[in-house]
Amino acid sequence: QQQVKQSPQSLIVQKGGISIINCAYENTAFDYFPWYQQFPGKGPALLIAIRPDVSEKKEGRFTISFNKSAKQFSLHIMDSQPGDSATYFCAARRAGAGSYQLTFGKGTKLSVIP
Amino acid sequence: SAVISQKPSRDICQRGTSLTIQCQVDSQVTMMFWYRQQPGQSLTLIATANQGSEATYESGFVIDKFPISRPNLTFSTLTVSNMSPEDSSIYLCSVERGVGTGELFFGEGSRLTVL
């Protein structure tokens, strides 16, 4: 059972535009929601993360919006650049689980075109 | 941050054979993790490897298929045994930035193709 549903599967955005990737979860016991960025041939790297006690977290051009009641969270990339072209994974961790036991979404392949 | 080196980076294997993937970390870590990334799929935790003890496997993964060694605090191996085409995946070694942080560093992965 897919516990974290990510959409869209792929996304094409013009340079300078806003990229939005959405994730939804079912398990209300999740307490930590990171986003990972993966470039081709590389391992995923932590981009930004949020906990459910806040509704938004911003780091540079990257913002996570979190809606606890809807069990949804999203990644917004402002002023998208060609260098942002990568696959993005949302993830969630269950409270009380090993801190490394993340449930990942299936990923979104982002292409930013000049 | 941790630097994680994996070998091989990619390999093409024949059905029924086994392949061992090596993972070297540039610092001592208590736990090392092995993930599988199937084409178009999410990352799935295979097992956790602690130095000096048996690896802990997640549901759906068994030691006979994915034996793991952890001889010291900087090194681990994952063997994919008796491979079938369904085992074609990227296998990723990972460590945690700090105990309990949930922030993972990943190696670049080992891409296996089974014919």
# chains A, B, ... in the order shown; residues from 1 in each chain; ligands from 1
call {"tool": "residues_around", "arguments": {"residues": "A:Lys106", "least_positions_apart": "2", "cutoff": "7 Å", "atoms": "only C-alpha atoms", "output": "PyMOL selection string"}}
result
(chain A and resi 6+89+104) or (chain B and resi 40-42)
call {"tool": "write_last_selection", "arguments": {"atoms": "C-alpha atoms", "output": "PDB file, in the first residue's frame"}}
result
ATOM      1  CA  GLN A   6       3.025  12.088  -4.907  1.00  0.00           C
ATOM      2  CA  PHE A  89      10.827  12.785  -3.614  1.00  0.00           C
ATOM      3  CA  PHE A 104       8.943   7.850   0.150  1.00  0.00           C
TER       4      PHE A 104
ATOM      5  CA  GLY B  40       9.866   4.703 -11.645  1.00  0.00           C
ATOM      6  CA  GLN B  41       9.285   3.707  -8.050  1.00  0.00           C
ATOM      7  CA  SER B  42       9.997   5.172  -4.681  1.00  0.00           C
TER       8      SER B  42
END
call {"tool": "select_by_dssp", "arguments": {"residues": "stretch 22-114 of chain B", "states": "strand (DSSP E)", "output": "ChimeraX atom specification"}}
result
/B:22-25,31-37,43-50,56-57,68-72,75-80,89-96,104-106,110-114
call {"tool": "closest_residue", "arguments": {"among": "A:Gly83, A:Pro8, A:Pro44, A:Gly60", "to": "A:Asn22", "atoms": "only C-alpha atoms"}}
result
A:Pro8
call {"tool": "interface_residues", "arguments": {"of": "chain B", "to": "chain A", "cutoff": "10 Å", "atoms": "only C-alpha atoms", "output": "VMD selection string"}}
result
chain B and resid 4 9 31 to 33 37 to 45 47 to 48 58 90 to 111
call {"tool": "residues_around", "arguments": {"residues": "A:Ser80", "least_positions_apart": "5", "cutoff": "12 Å", "atoms": "only C-alpha atoms", "output": "list in words"}}
result
Leu11, Ile12, Val13, Gln14, Lys15, Gly16, Gly17, Ile18, Ser19, Ile20, Gly60, Arg61, Phe62, Ser85, Ala86, Leu110, Ser111, Val112, Ile113 and Pro114 of chain A
call {"tool": "closest_residue", "arguments": {"among": "A:Arg94, A:Tyr25, A:His76, A:Pro82", "to": "A:Lys57", "atoms": "only C-alpha atoms"}}
result
A:His76
call {"tool": "atom_distance", "arguments": {"atom1": "atom CA of A:Phe73", "atom2": "atom CA of A:Ser7"}}
result
10.9 Å
call {"tool": "residues_around", "arguments": {"residues": "B:Leu112", "least_positions_apart": "4", "cutoff": "6 Å", "atoms": "only C-alpha atoms", "output": "PDB file with N, CA and C atoms, in the first residue's frame"}}
result
ATOM      1  N   ARG B  10      27.708   0.548 -11.399  1.00  0.00           N
ATOM      2  CA  ARG B  10      26.730  -0.141 -12.243  1.00  0.00           C
ATOM      3  C   ARG B  10      27.296  -1.482 -12.670  1.00  0.00           C
ATOM      4  N   ASP B  11      26.396  -2.402 -12.962  1.00  0.00           N
ATOM      5  CA  ASP B  11      26.828  -3.712 -13.426  1.00  0.00           C
ATOM      6  C   ASP B  11      25.683  -4.374 -14.170  1.00  0.00           C
ATOM      7  N   ILE B  12      26.054  -5.225 -15.070  1.00  0.00           N
ATOM      8  CA  ILE B  12      25.083  -6.050 -15.787  1.00  0.00           C
ATOM      9  C   ILE B  12      25.348  -7.484 -15.378  1.00  0.00           C
ATOM     10  N   SER B  88      16.543  -5.929 -10.929  1.00  0.00           N
ATOM     11  CA  SER B  88      17.149  -4.773 -11.606  1.00  0.00           C
ATOM     12  C   SER B  88      16.670  -3.501 -10.937  1.00  0.00           C
ATOM     13  N   SER B  89      17.595  -2.803 -10.326  1.00  0.00           N
ATOM     14  CA  SER B  89      17.263  -1.626  -9.522  1.00  0.00           C
ATOM     15  C   SER B  89      18.533  -0.835  -9.266  1.00  0.00           C
TER      16      SER B  89
END
